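**Student:** I have a structure I would like to understand better, so I am pasting it below and will then ask my questions one at a time.
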Amino acid sequence: MESSPLKSTLRIALVGDYNPDVLAHQAIPLAIDDAAAVLEVNADYDWLATPDVASQEDLVGYDAIWVVPASPYKNEEGAFHAIRYARENSVPFLGTCGGFQHAIIEYARNVLGWDDAAHAETHSEGRLVIAPLTCSLVEKSDAIELRPNTLIAKAYGRLEIEEGYHCNYGIAPLFAGALEQQSLKVTGWDSEGEIRAVELVTHPFFVATLFQHERAALAGRPAPLVQAFLRAAQR
């Protein structure tokens, strides 16, 4: 049986509360446009404010979903709807910074059954699977080691990268241990062994990073993971 032709036009949902002052929000359209040019594909993207994502029905028809930085979101349930829809329907998914954090919470709640999983930035009770970092990563960059033969390693073509951050929260130790036997695998660490990237290995393309790789576009550099994201959306 012949494979289906690659899509020439992509519809991408950017789920998050757009703010023109957020550097990542400035970078994302540039990164998408650059990746689309490399792949010779048309990429149309819609910014979906989290209050406007009232159910998974609001995501139907998109070829890919990116839950973008700048949390806390106005409506965290909107972010969770988007993540769960992408996860359960094999829609290519990218989560950066806040998107990474909420992808972890969504998995904890809906796969592990931790109904009380929460983010320490907005909650004081429950299992706080996202907790304050030991050292702030606001406007800092660091080296990240990638697991071989993963989507992220293949995208970059190497096993050590350096990327920038703008965050104060990451995966709590209690959840890091719970991931060891899960399909949501750790695929990137910093030099101290702290988790910086995850992938869902049972999914065609589900990658989330604490670092904001899209910022490369602000310096005129390609964003390899965005290229891989769009390539997955073409299929």
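Letters A, B, ... mark the chains of the structure tokens in the order given; residue numbers begin at 1 per chain; ligand numbers begin at 1, in order shown.
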At a cut-off of 8 Å, using only C-alpha atoms, what residues contact stretch 161-175 of chain A? Leave out same-chain residues fewer than 6 positions from it and give the result as number ranges by chain.
**Tutor:** A: 97, 101, 104, 121, 128-133, 135-146, 195, 210-213, 215
**Student:** Do you have, as JSON lines, the list of residues of stretch 87-205 of chain A lying at most 6 Å from stretch 58-71 of chain A, each with its nearest atom pair and that distance in Å to one decimal, counting only C-alpha atoms and ordered by chain then number?
**Tutor:**
{"residue": "A:Val91", "atom": "CA", "partner": "A:Ala64", "partner_atom": "CA", "distance": 5.7}
{"residue": "A:Pro92", "atom": "CA", "partner": "A:Ala64", "partner_atom": "CA", "distance": 4.8}
{"residue": "A:Phe93", "atom": "CA", "partner": "A:Ile65", "partner_atom": "CA", "distance": 5.0}
{"residue": "A:Leu94", "atom": "CA", "partner": "A:Trp66", "partner_atom": "CA", "distance": 4.6}
{"residue": "A:Gly95", "atom": "CA", "partner": "A:Val67", "partner_atom": "CA", "distance": 4.9}
{"residue": "A:Thr96", "atom": "CA", "partner": "A:Val68", "partner_atom": "CA", "distance": 5.6}
{"residue": "A:Cys97", "atom": "CA", "partner": "A:Pro69", "partner_atom": "CA", "distance": 5.1}
{"residue": "A:Gly98", "atom": "CA", "partner": "A:Pro69", "partner_atom": "CA", "distance": 4.7}
{"residue": "A:Gly99", "atom": "CA", "partner": "A:Val67", "partner_atom": "CA", "distance": 4.7}
**Student:** With all heavy atoms retained, could you export that selection as a compact mmCIF listing (two decimals), in the first residue's frame?
**Tutor:**
# COMPACT_ATOMS: atom_id res chain seq x y z
N VAL A 91 -1.69 13.37 17.86
CA VAL A 91 -1.42 14.65 17.18
C VAL A 91 -0.03 15.12 17.61
O VAL A 91 0.26 15.15 18.81
CB VAL A 91 -2.48 15.70 17.55
CG1 VAL A 91 -2.15 17.05 16.92
CG2 VAL A 91 -3.87 15.23 17.13
N PRO A 92 0.85 15.47 16.68
CA PRO A 92 2.17 15.95 17.07
C PRO A 92 2.07 17.07 18.10
O PRO A 92 1.30 18.02 17.92
CB PRO A 92 2.77 16.45 15.75
CG PRO A 92 2.13 15.56 14.72
CD PRO A 92 0.72 15.38 15.22
N PHE A 93 2.86 16.93 19.16
CA PHE A 93 2.78 17.85 20.30
C PHE A 93 4.16 18.35 20.67
O PHE A 93 5.13 17.59 20.71
CB PHE A 93 2.16 17.15 21.51
CG PHE A 93 2.24 17.96 22.78
CD1 PHE A 93 1.30 18.94 23.04
CD2 PHE A 93 3.27 17.77 23.71
CE1 PHE A 93 1.38 19.72 24.20
CE2 PHE A 93 3.35 18.52 24.86
CZ PHE A 93 2.40 19.51 25.11
N LEU A 94 4.20 19.65 20.96
CA LEU A 94 5.40 20.28 21.50
C LEU A 94 4.99 21.10 22.70
O LEU A 94 3.98 21.82 22.67
CB LEU A 94 6.02 21.18 20.43
CG LEU A 94 7.47 21.63 20.59
CD1 LEU A 94 8.42 20.45 20.69
CD2 LEU A 94 7.87 22.51 19.40
N GLY A 95 5.73 20.98 23.78
CA GLY A 95 5.48 21.80 24.97
C GLY A 95 6.79 22.42 25.40
O GLY A 95 7.80 21.72 25.51
N THR A 96 6.80 23.73 25.62
CA THR A 96 8.02 24.37 26.10
C THR A 96 7.72 25.17 27.37
O THR A 96 6.70 25.85 27.46
CB THR A 96 8.67 25.30 25.04
OG1 THR A 96 7.69 26.16 24.48
CG2 THR A 96 9.28 24.49 23.93
N CYS A 97 8.63 25.05 28.33
CA CYS A 97 8.55 25.77 29.60
C CYS A 97 7.21 25.45 30.29
O CYS A 97 7.03 24.37 30.80
CB CYS A 97 8.78 27.26 29.38
SG CYS A 97 9.25 28.16 30.87
N GLY A 98 6.27 26.38 30.30
CA GLY A 98 4.98 26.11 30.90
C GLY A 98 4.28 24.92 30.25
O GLY A 98 3.58 24.16 30.92
N GLY A 99 4.48 24.75 28.95
CA GLY A 99 3.90 23.61 28.26
C GLY A 99 4.50 22.29 28.74
O GLY A 99 3.80 21.28 28.88
**Student:** Figure out the distance between atom CA of A:Ala103 and atom CA of A:Glu125, please, to one decimal in Å.
**Tutor:**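 Between atom CA of A:Glu125 and atom CA of A:Ala103 the gap works out to 19.0 Å.
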**Student:** Hey, what's within 8 Å of stretch 17-26 of chain A if we count only C-alpha atoms and toss same-chain stuff fewer than 2 positions away? As a PyMOL selection string, please?
**Tutor:** chain A and resi 15+28-30+47-50+68-70+73-74+212+214-215+218
**Student:** Identify all residues of stretch 1-223 of chain A in helix (DSSP H, G or I) (DSSP on the backbone) and supply them as a ChimeraX atom specification.
**Tutor:** /A:23-39,50-52,56-59,76-88,98-110,151-156,173-181,213-219
**Student:** Write out as a PyMOL selection string the residues lying within 9 Å of A:Ile105, counting only C-alpha atoms and excluding same-chain residues fewer than 3 positions away.
**Tutor:** chain A and resi 80+100-102+108-110+114+117-119+128-130
**Student:** Residues near A:Gln56, anyone? I mean within 8 Å using only C-alpha atoms, not counting same-chain ones fewer than 6 positions away, as JSON, numbers by chain.
**Tutor:** {"A": [81, 82, 85]}
**Student:** Emit the selected residues as a PDB file, in the first residue's frame, including all heavy atoms.
**Tutor:**
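File part_13.pdb, as written:
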ATOM      1  N   HIS A  81      -6.617  20.408  28.352  1.00  0.00           N
ATOM      2  CA  HIS A  81      -7.421  19.886  27.243  1.00  0.00           C
ATOM      3  C   HIS A  81      -6.546  19.668  26.013  1.00  0.00           C
ATOM      4  O   HIS A  81      -6.640  18.634  25.335  1.00  0.00           O
ATOM      5  CB  HIS A  81      -8.542  20.863  26.882  1.00  0.00           C
ATOM      6  CG  HIS A  81      -9.699  20.884  27.831  1.00  0.00           C
ATOM      7  ND1 HIS A  81     -10.273  19.738  28.355  1.00  0.00           N
ATOM      8  CD2 HIS A  81     -10.415  21.927  28.347  1.00  0.00           C
ATOM      9  CE1 HIS A  81     -11.277  20.076  29.161  1.00  0.00           C
ATOM     10  NE2 HIS A  81     -11.378  21.385  29.172  1.00  0.00           N
ATOM     11  N   ALA A  82      -5.699  20.653  25.712  1.00  0.00           N
ATOM     12  CA  ALA A  82      -4.863  20.580  24.511  1.00  0.00           C
ATOM     13  C   ALA A  82      -3.860  19.439  24.617  1.00  0.00           C
ATOM     14  O   ALA A  82      -3.655  18.681  23.654  1.00  0.00           O
ATOM     15  CB  ALA A  82      -4.138  21.911  24.306  1.00  0.00           C
ATOM     16  N   TYR A  85      -5.682  16.013  24.434  1.00  0.00           N
ATOM     17  CA  TYR A  85      -6.159  15.754  23.067  1.00  0.00           C
ATOM     18  C   TYR A  85      -5.013  15.290  22.181  1.00  0.00           C
ATOM     19  O   TYR A  85      -5.131  14.307  21.437  1.00  0.00           O
ATOM     20  CB  TYR A  85      -6.811  17.006  22.486  1.00  0.00           C
ATOM     21  CG  TYR A  85      -7.294  16.819  21.064  1.00  0.00           C
ATOM     22  CD1 TYR A  85      -8.512  16.195  20.810  1.00  0.00           C
ATOM     23  CD2 TYR A  85      -6.529  17.250  19.989  1.00  0.00           C
ATOM     24  CE1 TYR A  85      -8.954  16.013  19.503  1.00  0.00           C
ATOM     25  CE2 TYR A  85      -6.965  17.062  18.679  1.00  0.00           C
ATOM     26  CZ  TYR A  85      -8.178  16.439  18.446  1.00  0.00           C
ATOM     27  OH  TYR A  85      -8.604  16.247  17.151  1.00  0.00           O
TER      28      TYR A  85
END
**Student:** List the neighbours of A:Ala197 out to 8 Å using only C-alpha atoms; skip same-chain residues closer than 5 positions along the sequence, and give me the result as a list of chain:residue names.
**Tutor:**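 Listing them by chain and then by number gives A:Phe100, A:Val186, A:Thr187, A:Gly188, A:Trp189, A:Val207, A:Ala208, A:Thr209, A:Leu210.
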**Student:** Output C-alpha atoms for every residue in that selection, as a compact mmCIF listing (two decimals), in the first residue's frame.
**Tutor:**
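For reference, selection-v4.txt as written:
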# COMPACT_ATOMS: atom_id res chain seq x y z
CA PHE A 100 6.48 21.14 29.60
CA VAL A 186 13.30 11.43 30.32
CA THR A 187 15.32 12.34 27.23
CA GLY A 188 17.33 15.37 28.38
CA TRP A 189 19.23 16.26 31.56
CA VAL A 207 8.17 16.17 23.08
CA ALA A 208 8.33 18.67 25.94
CA THR A 209 11.29 20.73 27.13
CA LEU A 210 11.82 23.02 30.07
**Student:** So that I can see what lies close to A:Leu151, please list as an MDAnalysis selection string the residues with an atom at most 9 Å from it, counting only C-alpha atoms and leaving out residues fewer than 6 positions away in the same chain.
**Tutor:** chainID A and resid 187 199 205:207 225 228
**Student:** Let's have the selection written as a short mmCIF file (atom, residue, chain, number, x, y, z; two decimals), in the first residue's frame, with N, CA, C and O atoms.
**Tutor:**
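And here's part29.cif as it stands now:
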data_model
loop_
_atom_site.label_atom_id
_atom_site.label_comp_id
_atom_site.auth_asym_id
_atom_site.auth_seq_id
_atom_site.Cartn_x
_atom_site.Cartn_y
_atom_site.Cartn_z
N THR A 187 14.42 12.38 28.38
CA THR A 187 15.32 12.34 27.23
C THR A 187 16.35 13.47 27.22
O THR A 187 17.14 13.59 26.30
N GLU A 199 9.86 12.70 26.48
CA GLU A 199 9.16 12.26 25.28
C GLU A 199 8.23 11.12 25.64
O GLU A 199 8.57 10.29 26.48
N PHE A 205 4.92 11.75 17.95
CA PHE A 205 5.77 12.91 18.26
C PHE A 205 5.15 13.67 19.42
O PHE A 205 4.19 14.43 19.25
N PHE A 206 5.69 13.44 20.60
CA PHE A 206 5.22 14.13 21.81
C PHE A 206 6.48 14.47 22.60
O PHE A 206 7.07 13.60 23.25
N VAL A 207 6.91 15.73 22.49
CA VAL A 207 8.17 16.17 23.08
C VAL A 207 7.92 17.44 23.90
O VAL A 207 7.23 18.36 23.43
N LEU A 225 14.21 21.44 16.77
CA LEU A 225 13.06 20.71 17.29
C LEU A 225 11.76 21.21 16.66
O LEU A 225 10.81 20.43 16.48
N ALA A 228 11.53 19.43 13.36
CA ALA A 228 11.08 18.05 13.56
C ALA A 228 9.59 18.00 13.86
O ALA A 228 8.88 17.09 13.41
#
